[in-house]
Each structure stands twice: as C-alpha cells, then as structure tokens.
file entry-v7.txt (compact mmCIF, C-alpha atoms)
# COMPACT_ATOMS: atom_id res chain seq x y z
CA MET A 19 -113.56 -20.58 79.84
CA THR A 20 -112.03 -21.13 83.27
CA LEU A 21 -109.36 -19.01 84.89
CA SER A 22 -106.83 -21.78 84.35
CA ASP A 23 -107.78 -22.16 80.70
CA ARG A 24 -107.40 -18.45 79.98
CA ALA A 25 -104.11 -18.32 81.81
CA ARG A 26 -102.71 -21.51 80.31
CA SER A 27 -100.61 -19.84 77.62
CA GLN A 28 -99.09 -17.53 80.21
CA VAL A 29 -98.39 -20.03 82.96
CA LEU A 30 -94.78 -20.55 84.02
CA LYS A 31 -93.33 -24.02 83.82
CA PRO A 32 -93.80 -26.05 87.05
CA ASP A 33 -90.09 -26.44 87.63
CA VAL A 34 -89.34 -22.71 87.54
CA ASP A 35 -87.28 -21.67 90.54
CA VAL A 36 -87.66 -18.12 91.87
CA ASP A 37 -83.87 -17.96 92.20
CA GLN A 38 -83.61 -17.99 88.41
CA PHE A 39 -85.43 -14.67 88.33
CA GLN A 40 -83.31 -12.98 90.97
CA LYS A 41 -80.28 -15.21 91.20
CA GLY A 42 -77.75 -12.47 91.71
CA ALA A 43 -79.73 -10.85 94.53
CA ASN A 44 -80.53 -14.17 96.19
CA ASP A 45 -76.91 -15.33 95.98
CA ARG A 46 -75.73 -12.13 97.62
CA LYS A 47 -78.35 -12.49 100.37
CA ARG A 48 -77.10 -15.96 101.22
CA GLU A 49 -73.45 -14.94 101.09
CA VAL A 50 -74.01 -11.96 103.39
CA TYR A 51 -76.13 -14.17 105.65
CA TRP A 52 -73.29 -16.70 105.82
CA ILE A 53 -70.90 -13.96 106.94
CA GLY A 54 -73.36 -12.90 109.64
CA PHE A 55 -73.87 -16.48 110.78
CA LEU A 56 -70.16 -17.04 111.33
CA GLN A 57 -69.86 -13.73 113.16
CA GLY A 58 -72.77 -14.72 115.40
CA ALA A 59 -71.16 -18.06 116.21
CA LEU A 60 -67.99 -16.19 117.17
CA SER A 61 -69.73 -13.48 119.20
CA SER A 62 -69.24 -15.25 122.54
CA ASN A 63 -65.48 -15.35 121.85
CA ARG A 64 -65.46 -19.11 122.14
CA ILE A 65 -66.91 -22.18 120.43
CA GLU A 66 -69.76 -23.42 122.59
CA SER A 67 -71.16 -26.92 122.82
CA GLY A 68 -73.12 -27.71 119.67
CA GLU A 69 -71.74 -24.79 117.66
CA GLU A 70 -69.14 -26.78 115.75
CA GLU A 71 -71.83 -29.17 114.47
CA ALA A 72 -74.03 -26.22 113.51
CA ILE A 73 -71.19 -24.49 111.65
CA LEU A 74 -70.46 -27.71 109.77
CA ALA A 75 -74.11 -28.07 108.76
CA GLU A 76 -74.25 -24.46 107.55
CA ALA A 77 -70.99 -24.86 105.65
CA ASP A 78 -72.36 -27.93 103.89
CA LYS A 79 -75.53 -26.05 102.95
CA PHE A 80 -73.48 -23.10 101.69
CA VAL A 81 -71.40 -25.47 99.54
CA GLU A 82 -74.65 -26.95 98.21
CA PHE A 83 -75.80 -23.48 97.10
CA PHE A 84 -72.50 -22.17 95.71
CA GLU A 85 -69.87 -24.94 95.58
CA ASP A 86 -67.84 -22.41 97.54
CA PRO A 87 -64.23 -23.63 97.99
CA ASP A 88 -63.69 -21.82 101.31
CA ALA A 89 -66.84 -23.30 102.83
CA SER A 90 -65.93 -26.70 101.39
CA ASP A 91 -62.43 -26.57 102.87
CA LEU A 92 -63.86 -25.47 106.21
CA ALA A 93 -66.33 -28.37 106.26
CA GLU A 94 -63.62 -30.88 105.34
CA ASP A 95 -61.28 -29.56 108.03
CA ILE A 96 -64.01 -29.73 110.70
CA ARG A 97 -64.83 -33.31 109.73
CA ALA A 98 -61.16 -34.28 109.74
CA ARG A 99 -60.67 -32.52 113.08
CA CYS A 100 -57.75 -30.57 111.67
CA PHE A 101 -58.02 -27.75 114.17
CA SER A 102 -55.71 -27.89 117.17
CA GLY A 103 -58.26 -26.18 119.43
CA GLN A 104 -60.90 -23.49 119.70
CA ASN A 105 -58.54 -20.65 118.85
CA ASP A 106 -57.42 -22.41 115.68
CA LEU A 107 -61.02 -22.96 114.54
CA MET A 108 -62.00 -19.41 115.42
CA ALA A 109 -59.08 -18.05 113.40
CA ALA A 110 -60.17 -20.15 110.43
CA LEU A 111 -63.71 -18.77 110.70
CA GLU A 112 -62.36 -15.22 110.81
CA ASN A 113 -60.42 -15.91 107.62
CA VAL A 114 -63.54 -17.20 105.88
CA ILE A 115 -65.47 -14.10 107.00
CA ASN A 116 -62.80 -11.68 105.78
CA GLU A 117 -62.28 -13.40 102.44
CA LYS A 118 -66.01 -13.66 101.72
CA ARG A 119 -66.63 -10.04 102.74
CA ASP A 120 -63.80 -8.83 100.46
CA GLU A 121 -65.26 -10.88 97.62
CA ILE A 122 -68.77 -9.49 98.12
CA GLN A 123 -67.71 -5.88 98.54
CA SER A 124 -65.54 -6.04 95.44
CA ALA A 125 -68.71 -6.82 93.50
CA ALA A 126 -70.73 -3.99 95.07
CA PRO A 127 -70.56 -1.86 98.25
CA TYR A 128 -72.62 -2.98 101.24
CA SER A 129 -76.22 -1.76 101.12
CA GLU A 130 -78.89 -1.41 103.82
CA ARG A 131 -80.34 -4.69 102.56
CA ASP A 132 -76.97 -6.37 103.07
CA GLU A 133 -76.80 -5.00 106.61
CA VAL A 134 -80.23 -6.44 107.41
CA ASN A 135 -79.39 -9.86 105.97
CA GLU A 136 -76.04 -9.96 107.73
CA PHE A 137 -77.78 -9.19 111.03
CA LEU A 138 -80.30 -11.98 110.42
CA GLY A 139 -77.40 -14.35 109.83
CA PHE A 140 -75.74 -12.97 112.96
CA CYS A 141 -78.86 -13.84 114.98
CA ALA A 142 -78.92 -17.32 113.46
CA GLY A 143 -75.29 -17.87 114.40
CA ILE A 144 -75.99 -16.80 117.96
CA VAL A 145 -79.01 -19.07 118.36
CA CYS A 146 -77.50 -22.08 116.56
CA ASP A 147 -76.66 -23.79 119.87
CA GLY A 148 -80.09 -23.00 121.36
CA LEU A 149 -78.68 -20.70 124.07
CA ILE A 150 -78.18 -16.95 124.41
CA LEU A 151 -75.21 -15.89 126.52
CA LYS A 152 -74.73 -12.42 127.99
CA THR A 153 -71.83 -11.68 125.64
CA GLU A 154 -74.01 -12.65 122.69
CA ALA A 155 -76.90 -10.49 123.85
CA GLU A 156 -74.49 -7.59 124.28
CA ALA A 157 -73.14 -8.15 120.78
CA MET A 158 -76.65 -7.97 119.30
CA LEU A 159 -77.54 -4.87 121.30
CA SER A 160 -74.30 -3.23 120.19
CA ARG A 161 -75.34 -3.72 116.57
CA PHE A 162 -78.64 -1.97 117.24
CA HIS A 163 -76.85 0.95 118.88
CA ASP A 164 -74.41 1.23 115.97
CA SER A 165 -76.92 0.94 113.13
CA ILE A 166 -79.73 3.29 112.13
CA VAL A 167 -80.89 0.66 109.65
CA LEU A 168 -81.42 -1.97 112.34
CA SER A 169 -82.70 0.32 115.08
CA SER A 170 -85.27 1.92 112.77
CA SER A 171 -86.69 -1.37 111.46
CA LEU A 172 -89.98 -2.44 113.02
CA VAL A 173 -89.18 -6.02 112.09
CA PHE A 174 -86.50 -6.04 114.78
CA ARG A 175 -88.24 -3.76 117.29
CA ASN A 176 -89.35 -6.50 119.72
CA LEU A 177 -85.92 -8.11 119.77
CA TRP A 178 -84.27 -4.73 120.41
CA ARG A 179 -86.65 -3.94 123.26
CA ALA A 180 -86.11 -7.37 124.82
CA LEU A 181 -82.34 -6.89 124.69
CA GLU A 182 -82.52 -3.39 126.19
CA ALA A 183 -84.73 -4.58 129.04
CA ALA A 184 -82.70 -7.72 129.71
CA LEU A 185 -79.36 -5.91 129.89
CA ALA A 186 -80.54 -2.80 131.73
CA ASP A 187 -79.11 -4.17 135.00
CA ASN A 188 -76.05 -5.66 133.24
CA VAL A 189 -77.26 -9.17 134.11
CA LEU A 190 -78.88 -11.71 131.78
CA THR A 191 -81.09 -14.12 133.69
CA GLU A 192 -82.16 -17.50 132.35
CA GLU A 193 -85.68 -16.17 131.84
CA GLU A 194 -84.41 -13.11 129.95
CA SER A 195 -82.14 -15.28 127.83
CA GLU A 196 -85.09 -17.45 126.84
CA GLU A 197 -87.19 -14.41 125.93
CA VAL A 198 -84.42 -13.11 123.65
CA ARG A 199 -84.04 -16.57 122.12
CA ALA A 200 -87.78 -16.69 121.42
CA TRP A 201 -87.71 -13.32 119.61
CA ILE A 202 -84.74 -14.49 117.53
CA ALA A 203 -86.57 -17.71 116.65
CA LEU A 204 -89.46 -15.68 115.26
CA LEU A 205 -87.00 -14.00 112.89
CA VAL A 206 -84.73 -16.85 111.82
CA GLY A 207 -86.17 -20.04 113.27
CA ASP A 208 -84.80 -22.21 116.05
CA GLY A 209 -81.12 -23.11 116.17
CA TYR A 210 -79.50 -26.17 114.62
CA VAL A 211 -79.13 -27.86 118.00
CA ASP A 212 -82.92 -27.78 118.39
CA THR A 213 -83.92 -28.61 114.81
CA GLY A 214 -81.04 -30.46 113.19
CA ILE A 215 -81.69 -28.30 110.12
CA PRO A 216 -79.22 -25.79 108.62
CA ASN A 217 -80.49 -22.24 108.85
CA ILE A 218 -79.42 -20.91 105.44
CA GLY A 219 -82.47 -21.39 103.22
CA ASN A 220 -84.59 -22.43 106.19
CA SER A 221 -87.79 -20.53 106.95
CA ALA A 222 -88.45 -17.92 109.59
CA GLU A 223 -91.74 -17.85 111.43
CA LEU A 224 -93.52 -14.89 109.91
CA ASP A 225 -97.29 -14.52 109.70
CA GLU A 226 -98.98 -17.53 108.08
CA PRO A 227 -100.62 -16.80 104.73
CA ILE A 228 -104.33 -17.20 104.09
CA ARG A 229 -104.90 -20.52 102.35
CA ASP A 230 -108.70 -20.56 102.47
CA ALA A 231 -110.17 -18.69 99.48
CA THR A 232 -113.43 -18.03 101.34
CA LYS A 233 -111.53 -15.74 103.70
CA ILE A 234 -110.46 -13.44 100.85
CA THR A 235 -112.67 -10.56 99.72
CA LEU A 236 -111.42 -8.96 96.52
CA GLU A 237 -114.18 -6.38 96.19
CA GLY A 238 -112.60 -3.05 97.16
CA ALA A 239 -109.31 -4.73 98.14
CA CYS A 240 -105.79 -3.57 97.26
CA VAL A 241 -103.63 -6.55 96.31
CA VAL A 242 -99.82 -6.65 95.98
CA LEU A 243 -98.11 -9.48 94.10
CA THR A 244 -94.64 -10.79 94.96
CA GLY A 245 -92.49 -12.95 92.75
CA PRO A 246 -93.31 -14.68 89.46
CA MET A 247 -96.84 -16.13 89.35
CA ARG A 248 -97.57 -19.51 87.78
CA MET A 249 -101.22 -18.63 87.21
CA GLY A 250 -100.30 -16.03 84.57
CA THR A 251 -98.63 -12.73 83.83
CA ARG A 252 -99.10 -9.81 86.21
CA ASN A 253 -101.25 -8.02 83.65
CA PHE A 254 -103.51 -11.04 83.37
CA ILE A 255 -103.80 -11.45 87.15
CA ALA A 256 -104.40 -7.72 87.57
CA SER A 257 -107.24 -7.84 85.06
CA GLU A 258 -108.83 -10.77 86.94
CA ILE A 259 -108.55 -8.99 90.29
CA GLU A 260 -110.01 -5.83 88.80
CA ARG A 261 -112.84 -7.88 87.29
CA CYS A 262 -113.64 -8.96 90.86
CA GLY A 263 -113.68 -5.36 92.07
CA GLY A 264 -110.15 -5.15 93.47
CA GLU A 265 -107.04 -3.25 92.47
CA ILE A 266 -103.32 -4.01 92.14
CA GLY A 267 -100.77 -2.11 94.23
CA LYS A 268 -97.17 -1.80 93.03
CA THR A 269 -95.73 -1.60 96.55
CA THR A 270 -96.86 -2.56 100.04
CA THR A 271 -98.48 0.43 101.77
CA ARG A 272 -101.01 1.13 104.51
CA LYS A 273 -103.70 0.73 101.83
CA THR A 274 -102.67 -2.85 101.08
CA ASP A 275 -105.13 -5.57 102.09
CA TYR A 276 -103.40 -8.66 100.71
CA VAL A 277 -99.80 -9.50 99.82
CA VAL A 278 -99.84 -12.52 97.52
CA VAL A 279 -96.91 -14.91 97.68
CA SER A 280 -96.27 -16.76 94.43
CA SER A 281 -96.28 -20.54 94.43
CA THR A 282 -92.84 -20.57 92.79
CA ALA A 283 -91.52 -18.52 95.69
CA SER A 284 -93.40 -20.39 98.41
CA LYS A 285 -90.29 -22.19 99.62
CA ASN A 286 -88.49 -18.89 99.95
CA TRP A 287 -91.05 -16.26 100.93
CA ARG A 288 -90.74 -16.87 104.66
CA THR A 289 -87.01 -17.23 104.62
CA THR A 290 -84.74 -15.15 106.72
CA HIS A 291 -84.00 -13.09 103.63
CA PHE A 292 -86.89 -10.63 103.42
CA GLY A 293 -87.98 -9.19 100.10
CA THR A 294 -88.88 -5.50 100.16
CA LYS A 295 -92.64 -6.04 99.79
CA ILE A 296 -92.71 -8.78 102.40
CA GLU A 297 -90.51 -6.87 104.84
CA ARG A 298 -92.75 -3.81 104.55
CA ALA A 299 -95.83 -5.99 105.03
CA LYS A 300 -94.32 -7.44 108.18
CA GLU A 301 -93.61 -3.95 109.51
CA LEU A 302 -97.20 -2.85 108.87
CA ILE A 303 -98.56 -5.97 110.55
CA VAL A 304 -96.42 -5.17 113.58
CA GLU A 305 -97.90 -1.66 113.52
CA GLY A 306 -101.39 -3.17 113.63
CA TYR A 307 -102.56 -2.76 110.04
CA LYS A 308 -105.03 -5.32 108.73
CA LEU A 309 -103.12 -6.59 105.70
CA ARG A 310 -102.53 -10.33 105.36
CA PHE A 311 -100.32 -12.64 103.34
CA VAL A 312 -102.14 -14.84 100.81
CA THR A 313 -100.94 -17.89 98.87
CA GLU A 314 -101.20 -17.77 95.10
CA ALA A 315 -103.39 -20.88 95.15
CA ALA A 316 -105.84 -19.17 97.52
CA LEU A 317 -105.93 -16.07 95.30
CA GLU A 318 -106.66 -18.16 92.21
CA SER A 319 -109.50 -19.96 94.01
CA ALA A 320 -110.86 -16.66 95.30
CA ILE A 321 -110.91 -15.21 91.79
CA ARG A 322 -112.77 -18.26 90.54
CA LEU A 323 -115.32 -18.12 93.34
CA GLN A 324 -115.93 -14.40 93.18
CA ALA A 325 -115.97 -14.22 89.38
CA LYS A 326 -118.91 -16.65 89.37
CA THR A 327 -121.04 -14.14 91.26
CA LEU A 328 -120.46 -11.34 88.73
call {"tool": "encode", "arguments": {"input": "entry-v7.txt", "output": "structure tokens"}}
result
Amino acid sequence: MTLSDRARSQVLKPDVDVDQFQKGANDRKREVYWIGFLQGALSSNRIESGEEEAILAEADKFVEFFEDPDASDLAEDIRARCFSGQNDLMAALENVINEKRDEIQSAAPYSERDEVNEFLGFCAGIVCDGLILKTEAEAMLSRFHDSIVLSSSLVFRNLWRALEAALADNVLTEEESEEVRAWIALLVGDGYVDTGIPNIGNSAELDEPIRDATKITLEGACVVLTGPMRMGTRNFIASEIERCGGEIGKTTTRKTDYVVVSSTASKNWRTTHFGTKIERAKELIVEGYKLRFVTEAALESAIRLQAKTL
C-alpha cells in the first residue's frame, strides 16, 4: 500500500483554505497589518507620488478580505476624487486607523504578535511608492527604539542595523535609502509602484523551501510541521517520519532540521504575517543554524523514497 493510499481516508479536501482553521487569528493579522500600512504611508507627513494609487489598491484588497465598510468608503472616495487635497486625504486615513484600532482593541488588547504585524504593515506602507525618505527611515528607527519586541527580533535585525548606520550622521543618502528599501523588500516584498500588486496577502521573500525530495534526509532528522497537512493527520505523518528514522518536533528549536510548510498553507506561509514556527525558523536561519523549510509535497516524496529502502 502506498503512502497516498494509507493516508487517503485522512486527507483534507483539496479546497480547504488554511484561513478556515485559524480565521480569527488571520483576520486580526490582516487588520493590524492594514493599520500599520496606513501609518507607514502617512509617516512622511505627506502623500507622495504613487502612494494614493497604492492606498487604493490596498483598500480594495482589504475590502475583498473583509467587506470592510470603512475601507470600501475610502476606496470609493479616492476613486471619486472627493478629497480637497493632501491634508483632507491624510485626515481620512487617520480616521480609518483610529476606528480600526478601536475595533480591534475592543476585541482583545494588543499583543506582541500584533505589534510585529503592525510594524510589517508599517514597512509596507513606507515602501509602497518604491522610495525611502529620511522622515520615513527616522519613523522606522523610532519604532525600534521604542519597542523591545521589535528591537529584540532577529527577523528585523538587519533592517535595524541598516537604519542605525544610515542615520548616524543625520543624513540619508540615495545609496543608504536603497539599502534600507532592499531590507524592507526582503520582509514584505517590493512596493505597489514597483509590482502593481497589493501588499496585504502578498508574499515576503523568505528562504525558499526545499522542493527536491532527494535533498531531504529523514534519518536522524527533527521535523516540525506547520498548518493542516493534506497528506494526512499529524499522527499519521509523524508515524511515517519515525518509520524513516526521523522524529517530530512540536516547536522550532535549534535541534530542528526541517520545517514543513503544508500545501494548504503554501499561498500564505511566506506572507508578511509570520506564524510562530516560521518566525522562529527564520530567526534561527539568520543565526546560522542549518534548518531548512520544506514543502509538503517534497516531504511526501521523501517519505516514499526513503521508506522503499527500509
């Protein structure tokens, strides 16, 4: 009996969306990210060239996710050119930020996770026009100085260092601005002006997963699973990995060799909204540990290949 045959009764339906498993958490991530995005767009204290189009695109995407009336009204007003000028638009954005923050905090107080996701949105709002101004760089650096959560995260360490170095002489050169932009792009992707793609729900450029099963060695390996797996239940997958000489880890640690990203979550795993296991894996990779991300399909193939040799 093949792996697929034995797993068949446990396989999730093909149209399962990972958001259905963690809808509340994912919705909050996007809402907090939206707040951060608008704050980032406002951080230069003016609406720069290309930012209005980017804000409209993000508002449309937010409406698509939530049918949010505030975002819908904002998008309609931008299209209809209802704002008398920059100050009017900026005031409208501030209102959206305040109303959405009140709504979110009434559901639950801000957590460290919220702070991280808001900062990621903040970075996306800053980079949406493809340029980093001195006021924007200062605004990002100020957040690092004010937050233990951000300043202690290895995920953001390179961006923080680039900002500190760039602003040490209180001048942001074109070369320094580009370096900061590049570090932001690694976290949240390039801006709307460069891609034409809204950032909410878009992917960040984290480490590529292993897709070639021949590059996976399960014997003696510690494997961590993330998200619901189509190939079977976690107990079933754990038994298959153990049959190949590996072990399952509950959390990502320095012992972890592979972090497996489920196929149902593949469209979301590299998003700007880090899951705990993936964020920790990223931090360890930055520290120089050998662990790698692996696709579920590659894991399934690796189990098949290595089980044949037993």
call {"tool": "closest_atom_pairs", "arguments": {"input": "entry-v7.txt", "of": "segment 91-204 of chain A", "to": "segment 292-305 of chain A", "cutoff": "8 Å", "atoms": "all atoms listed in the file", "output": "tab-separated table"}}
result
residue	atom	partner	partner_atom	distance
A:Asn135	CA	A:Phe292	CA	8.0
A:Ser171	CA	A:Glu301	CA	7.6
A:Leu172	CA	A:Glu301	CA	5.3
A:Val173	CA	A:Glu301	CA	5.5
call {"tool": "closest_residue", "arguments": {"input": "entry-v7.txt", "among": "A:Val81, A:Leu107, A:Cys240, A:Met158", "to": "Arg199 of chain A", "atoms": "only C-alpha atoms"}}
result
A:Met158
call {"tool": "closest_residue", "arguments": {"input": "entry-v7.txt", "among": "A:Glu260, A:Glu196, A:Glu82, A:Glu117", "to": "Val145 of chain A", "atoms": "only C-alpha atoms"}}
result
A:Glu196
call {"tool": "atom_distance", "arguments": {"input": "entry-v7.txt", "atom1": "atom CA of Ala93 of chain A", "atom2": "atom CA of Ala200 of chain A"}}
result
28.7 Å
call {"tool": "closest_residue", "arguments": {"input": "entry-v7.txt", "among": "A:Arg272, A:Gly58, A:Leu236, A:Ala125", "to": "Ala155 of chain A", "atoms": "only C-alpha atoms"}}
result
A:Gly58
call {"tool": "closest_residue", "arguments": {"input": "entry-v7.txt", "among": "A:Leu74, A:Leu111, A:Val241, A:Ala184", "to": "Gly263 of chain A", "atoms": "only C-alpha atoms"}}
result
A:Val241
call {"tool": "residues_near_point", "arguments": {"input": "entry-v7.txt", "point": "(-69.7, -12.5, 114.1)", "cutoff": "10 Å", "atoms": "only C-alpha atoms", "output": "list in words"}}
result
Trp52, Ile53, Gly54, Phe55, Leu56, Gln57, Gly58, Ala59, Leu60, Ser61, Ser62, Asn63, Leu111, Glu112, Ile115, Glu136, Phe137, Gly139, Phe140, Cys141, Gly143, Ile144, Glu154, Ala157 and Met158 of chain A
call {"tool": "write_last_selection", "arguments": {"input": "entry-v7.txt", "atoms": "C-alpha atoms", "output": "compact mmCIF listing (two decimals), in the frame of the given file"}}
result
# COMPACT_ATOMS: atom_id res chain seq x y z
CA TRP A 52 -73.29 -16.70 105.82
CA ILE A 53 -70.90 -13.96 106.94
CA GLY A 54 -73.36 -12.90 109.64
CA PHE A 55 -73.87 -16.48 110.78
CA LEU A 56 -70.16 -17.04 111.33
CA GLN A 57 -69.86 -13.73 113.16
CA GLY A 58 -72.77 -14.72 115.40
CA ALA A 59 -71.16 -18.06 116.21
CA LEU A 60 -67.99 -16.19 117.17
CA SER A 61 -69.73 -13.48 119.20
CA SER A 62 -69.24 -15.25 122.54
CA ASN A 63 -65.48 -15.35 121.85
CA LEU A 111 -63.71 -18.77 110.70
CA GLU A 112 -62.36 -15.22 110.81
CA ILE A 115 -65.47 -14.10 107.00
CA GLU A 136 -76.04 -9.96 107.73
CA PHE A 137 -77.78 -9.19 111.03
CA GLY A 139 -77.40 -14.35 109.83
CA PHE A 140 -75.74 -12.97 112.96
CA CYS A 141 -78.86 -13.84 114.98
CA GLY A 143 -75.29 -17.87 114.40
CA ILE A 144 -75.99 -16.80 117.96
CA GLU A 154 -74.01 -12.65 122.69
CA ALA A 157 -73.14 -8.15 120.78
CA MET A 158 -76.65 -7.97 119.30
call {"tool": "atom_distance", "arguments": {"input": "entry-v7.txt", "atom1": "atom CA of Val279 of chain A", "atom2": "atom CA of Leu243 of chain A"}}
result
6.6 Å
call {"tool": "atom_distance", "arguments": {"input": "entry-v7.txt", "atom1": "atom CA of Phe84 of chain A", "atom2": "atom CA of Pro246 of chain A"}}
result
23.0 Å
call {"tool": "closest_residue", "arguments": {"input": "entry-v7.txt", "among": "A:Ala75, A:Ala325, A:Val50, A:Met108", "to": "Gly264 of chain A", "atoms": "all atoms listed in the file"}}
result
A:Ala325
call {"tool": "residues_around", "arguments": {"input": "entry-v7.txt", "residues": "Phe80 of chain A", "least_positions_apart": "3", "cutoff": "9 Å", "atoms": "only C-alpha atoms", "output": "VMD selection string"}}
result
chain A and resid 48 to 49 52 75 to 77 83 to 86 89 to 90 218
call {"tool": "closest_residue", "arguments": {"input": "entry-v7.txt", "among": "A:Val206, A:Ala320, A:Ala72, A:Ala239", "to": "Lys308 of chain A", "atoms": "only C-alpha atoms"}}
result
A:Ala239
call {"tool": "axis_aligned_box", "arguments": {"input": "entry-v7.txt", "around": "segment 154-169 of chain A", "padding_each_side": "3 Å", "output": "lines of an AutoDock Vina configuration file"}}
result
center_x = -77.9
center_y = -4.7
center_z = 117.0
size_x = 15.6
size_y = 21.9
size_z = 20.6
call {"tool": "residues_around", "arguments": {"input": "entry-v7.txt", "residues": "Ser67 of chain A", "least_positions_apart": "2", "cutoff": "12 Å", "atoms": "only C-alpha atoms", "output": "compact mmCIF listing (two decimals) with C-alpha atoms, keeping the file's coordinate frame"}}
result
# COMPACT_ATOMS: atom_id res chain seq x y z
CA ALA A 59 -71.16 -18.06 116.21
CA SER A 62 -69.24 -15.25 122.54
CA ARG A 64 -65.46 -19.11 122.14
CA ILE A 65 -66.91 -22.18 120.43
CA GLU A 69 -71.74 -24.79 117.66
CA GLU A 70 -69.14 -26.78 115.75
CA GLU A 71 -71.83 -29.17 114.47
CA ALA A 72 -74.03 -26.22 113.51
CA ILE A 73 -71.19 -24.49 111.65
CA GLN A 104 -60.90 -23.49 119.70
CA VAL A 145 -79.01 -19.07 118.36
CA CYS A 146 -77.50 -22.08 116.56
CA ASP A 147 -76.66 -23.79 119.87
CA GLY A 148 -80.09 -23.00 121.36
CA LEU A 149 -78.68 -20.70 124.07
CA TYR A 210 -79.50 -26.17 114.62
CA VAL A 211 -79.13 -27.86 118.00
call {"tool": "residues_around", "arguments": {"input": "entry-v7.txt", "residues": "Ala186 of chain A", "least_positions_apart": "6", "cutoff": "12 Å", "atoms": "all atoms listed in the file", "output": "PyMOL selection string"}}
result
chain A and resi 152+155-156+159+179-180+194
call {"tool": "build_atoms", "arguments": {"input": "entry-v7.txt", "residues": "segment 306-324 of chain A", "atoms": "N, CA, C and O atoms", "output": "PDB file, in the coordinates of the input"}}
result
ATOM      1  N   GLY A 306     -99.973  -2.947 113.380  1.00  0.00           N
ATOM      2  CA  GLY A 306    -101.390  -3.170 113.630  1.00  0.00           C
ATOM      3  C   GLY A 306    -102.306  -3.011 112.433  1.00  0.00           C
ATOM      4  O   GLY A 306    -103.527  -3.033 112.577  1.00  0.00           O
ATOM      5  N   TYR A 307    -101.719  -2.873 111.232  1.00  0.00           N
ATOM      6  CA  TYR A 307    -102.560  -2.760 110.040  1.00  0.00           C
ATOM      7  C   TYR A 307    -103.129  -4.121 109.670  1.00  0.00           C
ATOM      8  O   TYR A 307    -102.563  -5.165 109.997  1.00  0.00           O
ATOM      9  N   LYS A 308    -104.238  -4.104 108.930  1.00  0.00           N
ATOM     10  CA  LYS A 308    -105.030  -5.320 108.730  1.00  0.00           C
ATOM     11  C   LYS A 308    -104.532  -6.216 107.602  1.00  0.00           C
ATOM     12  O   LYS A 308    -105.104  -7.279 107.365  1.00  0.00           O
ATOM     13  N   LEU A 309    -103.516  -5.810 106.864  1.00  0.00           N
ATOM     14  CA  LEU A 309    -103.120  -6.590 105.700  1.00  0.00           C
ATOM     15  C   LEU A 309    -102.707  -8.006 106.084  1.00  0.00           C
ATOM     16  O   LEU A 309    -102.251  -8.262 107.200  1.00  0.00           O
ATOM     17  N   ARG A 310    -102.871  -8.933 105.129  1.00  0.00           N
ATOM     18  CA  ARG A 310    -102.530 -10.330 105.360  1.00  0.00           C
ATOM     19  C   ARG A 310    -101.761 -10.880 104.162  1.00  0.00           C
ATOM     20  O   ARG A 310    -101.921 -10.418 103.040  1.00  0.00           O
ATOM     21  N   PHE A 311    -100.949 -11.902 104.420  1.00  0.00           N
ATOM     22  CA  PHE A 311    -100.320 -12.640 103.340  1.00  0.00           C
ATOM     23  C   PHE A 311    -101.317 -13.646 102.783  1.00  0.00           C
ATOM     24  O   PHE A 311    -102.151 -14.194 103.517  1.00  0.00           O
ATOM     25  N   VAL A 312    -101.231 -13.922 101.483  1.00  0.00           N
ATOM     26  CA  VAL A 312    -102.140 -14.840 100.810  1.00  0.00           C
ATOM     27  C   VAL A 312    -101.318 -15.729  99.886  1.00  0.00           C
ATOM     28  O   VAL A 312    -100.407 -15.244  99.209  1.00  0.00           O
ATOM     29  N   THR A 313    -101.624 -17.024  99.823  1.00  0.00           N
ATOM     30  CA  THR A 313    -100.940 -17.890  98.870  1.00  0.00           C
ATOM     31  C   THR A 313    -101.526 -17.669  97.481  1.00  0.00           C
ATOM     32  O   THR A 313    -102.690 -17.273  97.330  1.00  0.00           O
ATOM     33  N   GLU A 314    -100.713 -17.927  96.471  1.00  0.00           N
ATOM     34  CA  GLU A 314    -101.200 -17.770  95.100  1.00  0.00           C
ATOM     35  C   GLU A 314    -102.376 -18.703  94.827  1.00  0.00           C
ATOM     36  O   GLU A 314    -103.344 -18.327  94.159  1.00  0.00           O
ATOM     37  N   ALA A 315    -102.304 -19.921  95.362  1.00  0.00           N
ATOM     38  CA  ALA A 315    -103.390 -20.880  95.150  1.00  0.00           C
ATOM     39  C   ALA A 315    -104.705 -20.346  95.724  1.00  0.00           C
ATOM     40  O   ALA A 315    -105.780 -20.494  95.121  1.00  0.00           O
ATOM     41  N   ALA A 316    -104.622 -19.723  96.903  1.00  0.00           N
ATOM     42  CA  ALA A 316    -105.840 -19.170  97.520  1.00  0.00           C
ATOM     43  C   ALA A 316    -106.382 -18.011  96.695  1.00  0.00           C
ATOM     44  O   ALA A 316    -107.594 -17.865  96.532  1.00  0.00           O
ATOM     45  N   LEU A 317    -105.481 -17.176  96.150  1.00  0.00           N
ATOM     46  CA  LEU A 317    -105.930 -16.070  95.300  1.00  0.00           C
ATOM     47  C   LEU A 317    -106.639 -16.597  94.065  1.00  0.00           C
ATOM     48  O   LEU A 317    -107.707 -16.104  93.678  1.00  0.00           O
ATOM     49  N   GLU A 318    -106.060 -17.594  93.421  1.00  0.00           N
ATOM     50  CA  GLU A 318    -106.660 -18.160  92.210  1.00  0.00           C
ATOM     51  C   GLU A 318    -108.058 -18.710  92.506  1.00  0.00           C
ATOM     52  O   GLU A 318    -109.006 -18.473  91.752  1.00  0.00           O
ATOM     53  N   SER A 319    -108.184 -19.411  93.630  1.00  0.00           N
ATOM     54  CA  SER A 319    -109.500 -19.960  94.010  1.00  0.00           C
ATOM     55  C   SER A 319    -110.487 -18.841  94.311  1.00  0.00           C
ATOM     56  O   SER A 319    -111.659 -18.920  93.952  1.00  0.00           O
ATOM     57  N   ALA A 320    -109.986 -17.781  94.968  1.00  0.00           N
ATOM     58  CA  ALA A 320    -110.860 -16.660  95.300  1.00  0.00           C
ATOM     59  C   ALA A 320    -111.369 -15.965  94.050  1.00  0.00           C
ATOM     60  O   ALA A 320    -112.534 -15.576  93.968  1.00  0.00           O
ATOM     61  N   ILE A 321    -110.492 -15.821  93.054  1.00  0.00           N
ATOM     62  CA  ILE A 321    -110.910 -15.210  91.790  1.00  0.00           C
ATOM     63  C   ILE A 321    -111.980 -16.046  91.133  1.00  0.00           C
ATOM     64  O   ILE A 321    -112.989 -15.537  90.638  1.00  0.00           O
ATOM     65  N   ARG A 322    -111.783 -17.367  91.124  1.00  0.00           N
ATOM     66  CA  ARG A 322    -112.770 -18.260  90.540  1.00  0.00           C
ATOM     67  C   ARG A 322    -114.122 -18.119  91.228  1.00  0.00           C
ATOM     68  O   ARG A 322    -115.163 -17.983  90.590  1.00  0.00           O
ATOM     69  N   LEU A 323    -114.075 -18.177  92.563  1.00  0.00           N
ATOM     70  CA  LEU A 323    -115.320 -18.120  93.340  1.00  0.00           C
ATOM     71  C   LEU A 323    -116.046 -16.803  93.147  1.00  0.00           C
ATOM     72  O   LEU A 323    -117.269 -16.760  92.947  1.00  0.00           O
ATOM     73  N   GLN A 324    -115.282 -15.712  93.217  1.00  0.00           N
ATOM     74  CA  GLN A 324    -115.930 -14.400  93.180  1.00  0.00           C
ATOM     75  C   GLN A 324    -116.310 -13.981  91.773  1.00  0.00           C
ATOM     76  O   GLN A 324    -117.252 -13.203  91.569  1.00  0.00           O
TER      77      GLN A 324
END
